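> My structure is stored as target.cif, with mmCIF, C-alpha atoms.
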data_target
#
loop_
_atom_site.label_atom_id
_atom_site.label_comp_id
_atom_site.auth_asym_id
_atom_site.auth_seq_id
_atom_site.Cartn_x
_atom_site.Cartn_y
_atom_site.Cartn_z
CA MET A 628 83.41 136.94 123.80
CA GLU A 629 82.99 133.36 125.02
CA SER A 630 85.29 131.22 122.92
CA SER A 631 84.66 127.67 121.82
CA GLU A 632 88.40 126.99 121.61
CA SER A 633 90.07 124.81 124.18
CA VAL A 634 91.56 126.29 127.33
CA THR A 635 94.78 124.95 128.87
CA LEU A 636 96.20 125.83 132.27
CA TYR A 637 99.87 125.22 132.97
CA GLY A 638 100.20 125.25 136.76
CA TRP A 639 101.44 123.48 139.85
CA PHE A 640 99.19 121.99 142.49
CA ARG A 641 100.74 123.94 145.39
CA SER A 642 101.31 127.27 143.61
CA SER A 643 98.93 129.83 145.15
CA CYS A 644 98.89 131.71 141.88
CA SER A 645 97.85 128.60 139.95
CA TRP A 646 95.20 127.82 142.53
CA ARG A 647 93.68 131.31 142.19
CA VAL A 648 93.21 130.72 138.47
CA ARG A 649 91.77 127.23 139.05
CA ILE A 650 89.17 128.68 141.41
CA ALA A 651 88.08 131.36 138.93
CA LEU A 652 87.87 128.87 136.06
CA ALA A 653 85.76 126.53 138.19
CA TRP A 654 83.58 129.37 139.53
CA LYS A 655 82.79 130.49 135.99
CA GLY A 656 82.30 126.95 134.71
CA ILE A 657 85.12 127.18 132.16
CA LYS A 658 86.35 123.72 131.17
CA TYR A 659 90.10 123.40 130.78
CA GLU A 660 92.96 120.97 130.45
CA ASN A 661 95.25 121.05 133.48
CA ILE A 662 98.94 120.46 132.65
CA PRO A 663 101.21 120.19 135.71
CA VAL A 664 104.54 122.04 135.74
CA SER A 665 106.45 121.18 138.91
CA LEU A 666 108.24 124.16 140.45
CA GLN A 667 109.87 121.74 142.86
CA LYS A 668 111.45 119.87 139.93
CA GLY A 669 112.22 123.11 138.06
CA GLN A 670 110.04 122.09 135.10
CA GLN A 671 109.19 125.76 134.48
CA HIS A 672 112.67 126.08 133.01
CA SER A 673 112.30 123.09 130.65
CA GLN A 674 112.62 123.61 126.89
CA GLU A 675 109.17 122.11 126.44
CA PHE A 676 107.51 124.62 128.76
CA LEU A 677 109.60 127.60 127.60
CA ALA A 678 108.30 126.93 124.08
CA LYS A 679 104.81 127.60 125.45
CA ASN A 680 105.77 130.43 127.78
CA PRO A 681 109.22 132.01 127.28
CA LEU A 682 108.86 133.66 130.70
CA GLY A 683 109.05 130.28 132.43
CA GLN A 684 106.27 131.25 134.85
CA VAL A 685 103.20 129.45 136.13
CA PRO A 686 100.35 129.89 135.93
CA ALA A 687 100.17 130.28 132.17
CA LEU A 688 96.72 130.14 130.64
CA CYS A 689 96.29 129.36 126.95
CA ILE A 690 92.97 130.91 126.04
CA ASP A 691 91.39 132.68 123.04
CA GLY A 692 94.49 131.92 120.99
CA PHE A 693 97.18 133.39 123.21
CA VAL A 694 99.09 132.75 126.42
CA LEU A 695 98.29 134.82 129.50
CA THR A 696 100.56 135.06 132.53
CA GLN A 697 100.43 136.68 135.98
CA SER A 698 97.52 135.47 138.08
CA VAL A 699 95.69 138.74 138.74
CA ALA A 700 96.00 139.79 135.09
CA ILE A 701 94.46 136.41 134.21
CA LEU A 702 91.66 136.81 136.77
CA GLU A 703 90.79 140.29 135.49
CA TYR A 704 90.83 138.97 131.89
CA LEU A 705 88.47 136.14 132.74
CA GLU A 706 86.17 138.61 134.48
CA GLU A 707 86.14 140.92 131.46
CA THR A 708 85.63 138.22 128.83
CA ARG A 709 83.46 135.79 130.85
CA PRO A 710 81.29 138.06 133.02
CA ASN A 711 78.96 135.24 134.08
CA ASN A 712 79.17 134.35 137.80
CA PRO A 713 80.96 137.67 138.45
CA LEU A 714 83.94 137.88 140.77
CA LEU A 715 83.90 141.66 141.03
CA PRO A 716 81.00 143.66 142.45
CA LYS A 717 79.40 146.38 140.30
CA GLU A 718 79.99 149.42 142.51
CA PRO A 719 83.44 151.09 142.18
CA LYS A 720 84.00 151.47 145.93
CA SER A 721 83.30 147.77 146.52
CA ARG A 722 85.54 146.84 143.59
CA ALA A 723 88.32 148.87 145.19
CA GLN A 724 87.71 147.04 148.49
CA VAL A 725 88.07 143.72 146.65
CA ARG A 726 91.20 144.82 144.84
CA ARG A 727 92.94 146.16 147.93
CA ILE A 728 92.50 142.76 149.59
CA VAL A 729 93.81 141.07 146.43
CA GLU A 730 96.83 143.41 146.38
CA THR A 731 97.58 142.97 150.08
CA ILE A 732 97.79 139.21 149.51
CA VAL A 733 99.39 139.19 146.07
CA SER A 734 101.98 141.94 146.64
CA GLY A 735 102.18 142.19 150.41
CA ILE A 736 102.31 138.56 151.53
CA GLN A 737 102.75 136.04 148.72
CA PRO A 738 106.10 137.29 147.33
CA HIS A 739 107.68 136.73 150.73
CA GLN A 740 106.33 133.24 151.38
CA ASN A 741 106.66 131.25 148.21
CA LEU A 742 110.12 129.85 148.78
CA PRO A 743 109.90 127.73 151.96
CA GLY A 744 109.43 124.11 150.96
CA LEU A 745 111.30 124.58 147.68
CA ASP A 746 114.93 123.52 147.28
CA ILE A 747 117.46 126.31 147.74
CA PRO A 748 119.29 126.79 144.39
CA PRO A 749 122.93 125.71 144.44
CA GLY A 750 125.29 128.63 144.96
CA THR A 751 122.83 130.70 147.03
CA PRO A 752 124.88 132.74 149.56
CA ASP A 753 124.29 131.63 153.15
CA GLU A 754 122.92 134.98 154.19
CA TRP A 755 120.22 134.77 151.50
CA LYS A 756 118.84 131.48 152.75
CA LEU A 757 116.69 133.45 155.15
CA ALA A 758 114.20 133.94 152.31
CA TRP A 759 113.62 130.16 152.22
CA SER A 760 112.96 130.06 155.97
CA LYS A 761 109.60 129.54 157.60
CA GLU A 762 110.24 132.41 160.01
CA TRP A 763 110.60 134.96 157.22
CA ALA A 764 107.36 133.80 155.60
CA GLN A 765 105.54 133.72 158.95
CA MET A 766 106.50 137.31 159.74
CA HIS A 767 105.08 138.58 156.47
CA ILE A 768 101.92 136.51 156.77
CA LYS A 769 101.25 137.87 160.26
CA LYS A 770 101.84 141.45 159.17
CA GLY A 771 99.62 141.01 156.12
CA PHE A 772 96.88 139.16 158.02
CA ALA A 773 96.72 141.98 160.59
CA ALA A 774 96.04 144.41 157.73
CA LEU A 775 93.53 142.04 156.09
CA GLU A 776 91.68 141.56 159.35
CA GLN A 777 91.17 145.33 159.54
CA MET A 778 90.00 145.45 155.91
CA LEU A 779 87.52 142.61 156.41
CA LYS A 780 85.95 144.52 159.32
CA GLU A 781 85.34 147.41 156.93
CA SER A 782 83.43 145.24 154.42
CA PRO A 783 81.48 142.85 156.68
CA GLY A 784 79.50 139.91 155.30
CA LYS A 785 79.68 136.23 154.59
CA TYR A 786 82.72 136.64 152.34
CA CYS A 787 85.63 139.10 152.11
CA VAL A 788 83.57 141.97 150.73
CA GLY A 789 79.93 141.63 151.74
CA ASP A 790 77.89 138.59 150.77
CA GLN A 791 79.19 138.12 147.23
CA VAL A 792 82.14 135.86 146.40
CA SER A 793 84.86 137.93 144.75
CA LEU A 794 88.48 137.93 143.60
CA ALA A 795 89.38 138.74 147.21
CA ASP A 796 88.05 135.32 148.24
CA VAL A 797 89.78 133.67 145.29
CA CYS A 798 93.07 134.97 146.72
CA LEU A 799 92.22 134.46 150.41
CA LEU A 800 91.67 130.69 150.45
CA PRO A 801 95.10 129.75 149.00
CA GLN A 802 96.73 132.29 151.31
CA VAL A 803 95.13 130.79 154.41
CA TYR A 804 96.22 127.34 153.23
CA ASN A 805 99.79 128.61 153.00
CA ALA A 806 99.55 130.14 156.46
CA LYS A 807 98.43 126.77 157.85
CA MET A 808 101.19 124.97 155.98
CA LEU A 809 103.66 127.37 157.58
CA HIS A 810 102.10 126.81 161.03
CA VAL A 811 100.91 130.39 161.59
CA ASP A 812 98.56 130.68 164.59
CA LEU A 813 95.31 132.05 163.14
CA THR A 814 93.66 132.87 166.49
CA PRO A 815 94.29 136.65 166.15
CA TYR A 816 92.43 136.72 162.82
CA PRO A 817 88.81 135.64 163.50
CA ASN A 818 87.38 137.32 160.39
CA ILE A 819 89.89 135.61 158.11
CA VAL A 820 89.15 132.26 159.72
CA ARG A 821 85.38 132.74 159.47
CA ASN A 822 85.53 133.77 155.79
CA ASN A 823 87.82 130.86 155.01
CA GLU A 824 85.36 128.44 156.60
CA GLU A 825 82.59 129.77 154.36
CA LEU A 826 84.75 129.52 151.25
CA ILE A 827 85.75 125.89 151.69
CA LYS A 828 82.06 124.93 151.58
CA LEU A 829 81.89 126.09 147.95
CA GLU A 830 82.37 123.51 145.20
CA ALA A 831 84.60 125.72 142.99
CA PHE A 832 86.96 126.28 145.90
CA LYS A 833 86.97 122.61 146.92
CA SER A 834 87.51 121.15 143.44
CA SER A 835 90.48 123.46 142.82
CA HIS A 836 92.22 122.49 146.07
CA PRO A 837 95.83 121.30 145.67
CA ARG A 838 94.80 117.90 147.02
CA SER A 839 92.32 117.47 144.16
CA GLN A 840 94.93 118.05 141.46
CA PRO A 841 96.45 115.30 139.31
CA ASP A 842 99.99 116.25 140.37
CA TRP A 843 99.19 116.34 144.13
CA VAL A 844 101.98 114.95 146.29
CA ASP A 845 101.71 114.74 150.07
CA GLU A 846 104.73 116.83 151.01
CA GLY A 847 104.28 116.05 154.68
CA HIS A 848 103.55 119.60 155.81
CA GLY A 849 101.20 118.21 158.42
CA ILE A 850 98.27 120.28 157.31
CA ASN A 851 94.87 118.96 158.22
CA GLN A 852 93.77 117.13 155.09
CA GLU A 853 90.35 118.72 155.48
CA VAL A 854 91.68 122.30 155.42
CA MET B 581 80.92 159.91 138.65
CA GLU B 582 83.32 162.86 138.76
CA SER B 583 83.10 164.34 142.22
CA SER B 584 83.45 167.99 143.09
CA GLU B 585 84.73 167.09 146.56
CA SER B 586 88.36 167.58 147.42
CA VAL B 587 90.90 164.82 146.88
CA THR B 588 93.79 164.27 149.31
CA LEU B 589 96.79 162.03 148.78
CA TYR B 590 98.82 160.88 151.76
CA GLY B 591 102.13 159.70 150.34
CA TRP B 592 105.89 159.91 150.49
CA PHE B 593 108.06 161.44 147.78
CA ARG B 594 110.23 158.35 147.30
CA SER B 595 107.54 155.66 147.70
CA SER B 596 107.02 153.98 144.29
CA CYS B 597 103.43 153.24 145.22
CA SER B 598 102.74 156.91 146.03
CA TRP B 599 104.42 157.97 142.81
CA ARG B 600 102.22 155.64 140.75
CA VAL B 601 99.13 157.35 142.16
CA ARG B 602 100.60 160.82 141.60
CA ILE B 603 101.20 160.00 137.93
CA ALA B 604 97.64 158.76 137.40
CA LEU B 605 96.13 161.80 139.16
CA ALA B 606 98.25 164.13 137.03
CA TRP B 607 97.54 162.20 133.82
CA LYS B 608 93.79 162.48 134.43
CA GLY B 609 94.03 166.11 135.52
CA ILE B 610 92.62 165.43 139.00
CA LYS B 611 93.59 168.20 141.41
CA TYR B 612 94.58 167.03 144.88
CA GLU B 613 96.19 168.06 148.12
CA ASN B 614 99.48 166.25 148.70
CA ILE B 615 100.20 165.51 152.37
CA PRO B 616 103.64 163.98 153.02
CA VAL B 617 103.95 161.00 155.37
CA SER B 618 107.63 160.13 155.82
CA LEU B 619 108.28 156.40 155.86
CA GLN B 620 111.87 157.22 156.80
CA LYS B 621 110.64 158.95 159.98
CA GLY B 622 107.96 156.30 160.62
CA GLN B 623 105.15 158.87 160.35
CA GLN B 624 102.85 156.18 158.91
CA HIS B 625 102.57 154.86 162.48
CA SER B 626 101.66 158.25 164.01
CA GLN B 627 98.32 158.65 165.81
CA GLU B 628 97.46 161.49 163.46
CA PHE B 629 97.88 159.36 160.34
CA LEU B 630 96.34 156.24 161.84
CA ALA B 631 93.19 158.27 162.50
CA LYS B 632 92.98 158.76 158.71
CA ASN B 633 94.12 155.27 157.75
CA PRO B 634 94.12 152.62 160.49
CA LEU B 635 96.27 150.43 158.23
CA GLY B 636 99.20 152.83 158.51
CA GLN B 637 99.97 152.49 154.80
CA VAL B 638 100.83 154.98 152.08
CA PRO B 639 99.58 155.82 149.60
CA ALA B 640 96.14 156.54 151.02
CA LEU B 641 93.80 158.50 148.80
CA CYS B 642 90.82 160.32 150.30
CA ILE B 643 88.34 160.57 147.43
CA ASP B 644 84.58 160.48 146.96
CA GLY B 645 84.10 160.42 150.72
CA PHE B 646 86.26 157.44 151.64
CA VAL B 647 89.86 156.37 152.03
CA LEU B 648 91.39 154.06 149.40
CA THR B 649 94.61 152.12 149.94
CA GLN B 650 96.86 149.85 147.83
CA SER B 651 98.22 151.53 144.74
CA VAL B 652 96.85 149.26 142.01
CA ALA B 653 93.40 149.19 143.63
CA ILE B 654 93.55 153.00 143.61
CA LEU B 655 94.68 153.12 139.96
CA GLU B 656 91.87 150.79 138.86
CA TYR B 657 89.37 152.88 140.86
CA LEU B 658 90.51 156.09 139.21
CA GLU B 659 90.23 154.42 135.81
CA GLU B 660 86.69 153.21 136.52
CA THR B 661 85.40 156.48 137.97
CA ARG B 662 87.44 158.96 135.87
CA PRO B 663 87.66 157.30 132.43
CA ASN B 664 89.00 160.44 130.73
CA ASN B 665 92.62 160.14 129.51
CA PRO B 666 92.37 156.35 129.87
CA LEU B 667 95.21 154.30 131.31
CA LEU B 668 93.85 150.95 130.14
CA PRO B 669 93.33 150.02 126.49
CA LYS B 670 89.87 148.87 125.36
CA GLU B 671 90.70 145.40 124.09
CA PRO B 672 90.82 142.61 126.73
CA LYS B 673 94.05 141.04 125.44
CA SER B 674 95.85 144.41 125.57
CA ARG B 675 94.43 145.08 129.03
CA ALA B 676 95.85 141.73 130.15
CA GLN B 677 99.22 142.70 128.66
CA VAL B 678 99.14 145.93 130.65
CA ARG B 679 98.12 144.18 133.86
CA ARG B 680 100.77 141.48 133.59
CA ILE B 681 103.45 144.18 133.40
CA VAL B 682 101.86 145.95 136.36
CA GLU B 683 101.81 142.68 138.34
CA THR B 684 105.40 141.78 137.46
CA ILE B 685 106.53 145.12 138.89
CA VAL B 686 104.10 145.39 141.81
CA SER B 687 104.28 141.79 143.03
CA GLY B 688 107.47 140.48 141.45
CA ILE B 689 109.94 143.29 142.05
CA GLN B 690 108.72 146.07 144.31
CA PRO B 691 108.08 143.98 147.47
CA HIS B 692 111.73 142.91 147.46
CA GLN B 693 113.28 146.33 146.96
CA ASN B 694 111.46 148.81 149.13
CA LEU B 695 113.61 148.54 152.23
CA PRO B 696 117.16 149.52 151.16
CA GLY B 697 117.72 153.13 152.16
CA LEU B 698 115.30 152.93 155.08
CA ASP B 699 116.53 152.53 158.65
CA ILE B 700 116.52 148.96 159.92
CA PRO B 701 114.06 148.80 162.86
CA PRO B 702 115.71 148.28 166.26
CA GLY B 703 115.65 144.63 167.31
CA THR B 704 115.78 143.21 163.78
CA PRO B 705 117.76 139.93 163.92
CA ASP B 706 121.08 140.14 162.05
CA GLU B 707 120.11 137.42 159.59
CA TRP B 708 117.01 139.40 158.55
CA LYS B 709 119.00 142.47 157.56
CA LEU B 710 119.38 140.85 154.15
CA ALA B 711 116.07 142.41 153.14
CA TRP B 712 117.53 145.88 153.65
CA SER B 713 120.56 145.09 151.48
CA LYS B 714 121.13 146.50 148.02
CA GLU B 715 122.21 143.10 146.70
CA TRP B 716 118.87 141.45 147.54
CA ALA B 717 116.95 144.26 145.81
CA GLN B 718 119.28 144.19 142.80
CA MET B 719 118.79 140.45 142.29
CA HIS B 720 115.00 140.80 142.18
CA ILE B 721 115.14 143.85 139.92
CA LYS B 722 117.35 141.99 137.43
CA LYS B 723 115.12 138.92 137.45
CA GLY B 724 112.00 141.04 137.03
CA PHE B 725 113.53 143.26 134.34
CA ALA B 726 114.51 140.20 132.30
CA ALA B 727 110.85 139.11 132.34
CA LEU B 728 109.63 142.65 131.57
CA GLU B 729 112.03 142.95 128.66
CA GLN B 730 110.47 139.83 127.14
CA MET B 731 106.95 141.17 127.73
CA LEU B 732 107.76 144.53 126.13
CA LYS B 733 108.97 142.75 123.00
CA GLU B 734 105.54 141.12 122.76
CA SER B 735 103.69 144.44 122.82
CA PRO B 736 105.97 146.74 120.79
CA GLY B 737 105.38 150.47 120.51
CA LYS B 738 106.34 153.81 121.96
CA TYR B 739 105.21 152.79 125.44
CA CYS B 740 104.93 149.51 127.37
CA VAL B 741 101.91 148.22 125.46
CA GLY B 742 101.75 149.74 121.99
CA ASP B 743 101.54 153.49 121.49
CA GLN B 744 99.13 154.30 124.31
CA VAL B 745 100.28 155.30 127.80
CA SER B 746 98.87 152.81 130.30
CA LEU B 747 99.04 151.64 133.90
CA ALA B 748 102.08 149.59 132.86
CA ASP B 749 103.95 152.83 132.17
CA VAL B 750 102.66 154.35 135.40
CA CYS B 751 104.38 151.49 137.23
CA LEU B 752 107.48 151.30 134.99
CA LEU B 753 108.90 154.79 135.51
CA PRO B 754 109.12 154.61 139.34
CA GLN B 755 110.56 151.09 139.02
CA VAL B 756 113.34 152.24 136.69
CA TYR B 757 114.09 155.12 139.06
CA ASN B 758 114.47 152.59 141.88
CA ALA B 759 116.74 150.45 139.73
CA LYS B 760 118.97 153.46 139.05
CA MET B 761 118.99 154.40 142.72
CA LEU B 762 120.15 150.86 143.48
CA HIS B 763 122.84 151.07 140.78
CA VAL B 764 121.47 148.28 138.55
CA ASP B 765 123.16 148.21 135.13
CA LEU B 766 120.32 148.73 132.63
CA THR B 767 122.34 147.81 129.52
CA PRO B 768 120.71 144.36 129.19
CA TYR B 769 117.22 145.93 129.05
CA PRO B 770 117.11 148.19 125.96
CA ASN B 771 113.30 148.14 125.66
CA ILE B 772 112.85 149.21 129.27
CA VAL B 773 115.38 152.00 128.83
CA ARG B 774 113.76 153.19 125.59
CA ASN B 775 110.24 153.22 127.07
CA ASN B 776 111.50 155.02 130.15
CA GLU B 777 113.07 157.72 127.99
CA GLU B 778 109.74 158.30 126.27
CA LEU B 779 107.87 158.47 129.57
CA ILE B 780 110.06 161.09 131.20
CA LYS B 781 109.18 163.45 128.35
CA LEU B 782 105.54 163.49 129.50
CA GLU B 783 104.41 166.28 131.83
CA ALA B 784 102.32 164.02 134.12
CA PHE B 785 105.33 161.79 134.70
CA LYS B 786 107.71 164.71 135.23
CA SER B 787 105.51 166.70 137.62
CA SER B 788 104.95 163.63 139.83
CA HIS B 789 108.68 162.90 140.13
CA PRO B 790 110.00 162.58 143.71
CA ARG B 791 112.23 165.61 143.10
CA SER B 792 109.17 167.76 142.37
CA GLN B 793 107.45 166.88 145.66
CA PRO B 794 107.23 169.26 148.64
CA ASP B 795 108.87 166.68 150.94
CA TRP B 796 111.79 165.93 148.55
CA VAL B 797 115.10 165.45 150.34
CA ASP B 798 118.34 164.74 148.51
CA GLU B 799 119.25 161.42 150.08
CA GLY B 800 122.55 161.30 148.27
CA HIS B 801 121.81 158.20 146.18
CA GLY B 802 123.85 159.69 143.38
CA ILE B 803 121.11 159.35 140.80
CA ASN B 804 121.31 161.60 137.83
CA GLN B 805 119.08 164.51 138.78
CA GLU B 806 117.62 164.41 135.28
CA VAL B 807 116.47 160.78 135.52
#
Rewrite the coordinates I just gave you, this time as structure tokens.


Amino acid sequence: MESSESVTLYGWFRSSCSWRVRIALAWKGIKYENIPVSLQKGQQHSQEFLAKNPLGQVPALCIDGFVLTQSVAILEYLEETRPNNPLLPKEPKSRAQVRRIVETIVSGIQPHQNLPGLDIPPGTPDEWKLAWSKEWAQMHIKKGFAALEQMLKESPGKYCVGDQVSLADVCLLPQVYNAKMLHVDLTPYPNIVRNNEELIKLEAFKSSHPRSQPDWVDEGHGINQEV
Amino acid sequence: MESSESVTLYGWFRSSCSWRVRIALAWKGIKYENIPVSLQKGQQHSQEFLAKNPLGQVPALCIDGFVLTQSVAILEYLEETRPNNPLLPKEPKSRAQVRRIVETIVSGIQPHQNLPGLDIPPGTPDEWKLAWSKEWAQMHIKKGFAALEQMLKESPGKYCVGDQVSLADVCLLPQVYNAKMLHVDLTPYPNIVRNNEELIKLEAFKSSHPRSQPDWVDEGHGINQEV
């Protein structure tokens, strides 16, 4: 079902969800136009973007004549329609091991850590500002990483699940980047650190890095530029 | 790959994630033993349960000789290994529409609403108690339901995506129950309400309801018992 039509990704350089999609597109060799939508500037609510995606969410992928949203739904779609350079193993148990790592990151960690660094909307009650705090994000990252560390031990190998790069890895690298940006000590998570080091050697993971994007801005988080 | 071995679900009657798995098992006619693990009593941290699942998470499904965790990973596994009574459509675009609804609920809403009603752990700083508040959960439910309402309009039919019951519906019913328990006004979401009304007519959705579980306790949330 490979399509010859153009592919357009609406995303933001620092959005983990956008980064996941960039990695998968690069891994599968799918050429695409990258249109930045700054969440910091609130561009996802602009009339121009809402005309493309009424949900006002990034990433939004225009592909095969329609607009896809939600990063994991996009990743699964790419896997089903572009099965070259697979990002899911063949065996159901291994696929479940990949997907539980994906879900731990995507549902267990990411929802609690995507606000720090963004402006707090005017009118937010004081007691809700916690959700924009580093400490809140750090707590959820540590809890999630402890679970991930256990999962990685159960599927040993060069990458998250054995020796094949998978959707678990696609989600892990951006998550580790966020953890570093939020100054989480990674010492208790040797398997996560080791997998991450393998992943950043891969071209698809490097080229999709926030720093390599056209809308990259050094936000001064103090992350090692070589992360 | 249907297995003749026994299937055991460790779950909690009110956990949305456990309920999702119960619906899928019932829908596919998979018989299982249901072992309650009370999140209210902290039984997920007991030595007995940790011996089964070192992650201390419910739901945990013992099937085909191993333990699966994370509800969506479990649902996808069941779909891949027990394709009868399918919960994903055949066409990739429709599958993506199902999965984006799943992801909106599982990553966008549920992580922010699963604490109200549970005891706040001793030692929790005052400013973190926000996450256990009804108001925090309500805000995320409303935001998520507004997005879902838009998505449902794009895939009209008797259920979430057209006229076939799917994983989107499996996730929707428990989410609507949570919204009612948290006293969210559903008037602005007519498509969600209509789909929910269709779903509660189905035996697999009814039999997996929290009220039908052996560990059901009336927690006095004031929900209509016929929800």

> Just want the 8 Å neighbourhood of Lys608 (chain B), counted on all atoms listed in the file, with same-chain residues fewer than 5 positions away dropped. Output as number ranges by chain.

B: 662, 664-666

> Quick one: which residues end up in the PyMOL selection byres ((chain A) within 8 of (chain B)) for this structure, as a VMD selection string?

chain A and resid 681 to 682 695 to 697 699 to 701 703 to 704 707 to 708 719 to 720 722 to 724 726 to 727 730 to 731 733 to 735 738 to 739 754 to 755 757 763 774 777

> In the coordinate frame of the file, compute which residues have an atom within 10 Å of (104.2, 159.2, 142.6) when using only C-alpha atoms, and state them as a ChimeraX atom specification.

/B:591-606,639,651,750-751,753-754,784-790,792-793

> Taking (90.7, 168.9, 145.0) in the file's coordinates as the center, which residues reach within 6 Å of it, counting all atoms listed in the file, put as JSON, numbers by chain?

{"B": [586, 587, 611, 612]}

> May I ask for the distance between CA of Cys689 (chain A) and CA of Thr635 (chain A), given in Å to one decimal place?

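Atom-to-atom, CA of Cys689 (chain A) to CA of Thr635 (chain A), that is 5.0 Å.
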
> Would you give the centre and edge lengths, in Å to one decimal, of a box along x, y and z around the listed atoms of region 663-666 of chain A, with 4 Å added to each side, as lines of an AutoDock Vina configuration file?


center_x = 104.7
center_y = 122.2
center_z = 138.1
size_x = 15.0
size_y = 12.0
size_z = 12.7

> With only C-alpha atoms as the basis for distance, which of A:Lys769, A:Ser760, A:Ile747, A:Leu829 is at the shortest distance from Thr814 (chain A)?

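Of A:Lys769, A:Ser760, A:Ile747, A:Leu829, the one nearest Thr814 (chain A), counting only C-alpha atoms, is A:Lys769.
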
> Calculate how many Å separate CA of Arg838 (chain A) from CA of Met808 (chain A), rounding to one decimal.

13.1 Å

> In Å, rounded to a single decimal, give me how far CA of Cys740 (chain B) is from CA of Glu632 (chain A).

28.5 Å

> Any chance you could resolve the PyMOL selection byres ((chain B and resi 622) around 12) against this file and give the residues as a PDB file with C-alpha atoms, keeping the file's coordinate frame?


ATOM      1  CA  TRP B 592     105.890 159.910 150.490  1.00  0.00           C
ATOM      2  CA  PRO B 616     103.640 163.980 153.020  1.00  0.00           C
ATOM      3  CA  VAL B 617     103.950 161.000 155.370  1.00  0.00           C
ATOM      4  CA  SER B 618     107.630 160.130 155.820  1.00  0.00           C
ATOM      5  CA  LEU B 619     108.280 156.400 155.860  1.00  0.00           C
ATOM      6  CA  GLN B 620     111.870 157.220 156.800  1.00  0.00           C
ATOM      7  CA  LYS B 621     110.640 158.950 159.980  1.00  0.00           C
ATOM      8  CA  GLN B 623     105.150 158.870 160.350  1.00  0.00           C
ATOM      9  CA  GLN B 624     102.850 156.180 158.910  1.00  0.00           C
ATOM     10  CA  HIS B 625     102.570 154.860 162.480  1.00  0.00           C
ATOM     11  CA  SER B 626     101.660 158.250 164.010  1.00  0.00           C
ATOM     12  CA  GLN B 627      98.320 158.650 165.810  1.00  0.00           C
ATOM     13  CA  PHE B 629      97.880 159.360 160.340  1.00  0.00           C
ATOM     14  CA  LEU B 630      96.340 156.240 161.840  1.00  0.00           C
ATOM     15  CA  GLY B 636      99.200 152.830 158.510  1.00  0.00           C
ATOM     16  CA  GLN B 637      99.970 152.490 154.800  1.00  0.00           C
ATOM     17  CA  VAL B 638     100.830 154.980 152.080  1.00  0.00           C
ATOM     18  CA  LEU B 698     115.300 152.930 155.080  1.00  0.00           C
ATOM     19  CA  ASP B 699     116.530 152.530 158.650  1.00  0.00           C
ATOM     20  CA  ILE B 700     116.520 148.960 159.920  1.00  0.00           C
ATOM     21  CA  PRO B 701     114.060 148.800 162.860  1.00  0.00           C
TER      22      PRO B 701
END

> Residues near Gly789 (chain A), anyone? I mean within 12 Å using all atoms listed in the file, not counting same-chain ones fewer than 2 positions away, as a compact mmCIF listing (two decimals) with C-alpha atoms, in the frame of the given file.


# COMPACT_ATOMS: atom_id res chain seq x y z
CA LEU A 715 83.90 141.66 141.03
CA PRO A 716 81.00 143.66 142.45
CA SER A 721 83.30 147.77 146.52
CA ARG A 722 85.54 146.84 143.59
CA GLN A 724 87.71 147.04 148.49
CA VAL A 725 88.07 143.72 146.65
CA MET A 778 90.00 145.45 155.91
CA LEU A 779 87.52 142.61 156.41
CA LYS A 780 85.95 144.52 159.32
CA GLU A 781 85.34 147.41 156.93
CA SER A 782 83.43 145.24 154.42
CA PRO A 783 81.48 142.85 156.68
CA GLY A 784 79.50 139.91 155.30
CA LYS A 785 79.68 136.23 154.59
CA TYR A 786 82.72 136.64 152.34
CA CYS A 787 85.63 139.10 152.11
CA GLN A 791 79.19 138.12 147.23
CA VAL A 792 82.14 135.86 146.40
CA SER A 793 84.86 137.93 144.75
CA ALA A 795 89.38 138.74 147.21
CA ASP A 796 88.05 135.32 148.24
CA ASN A 822 85.53 133.77 155.79
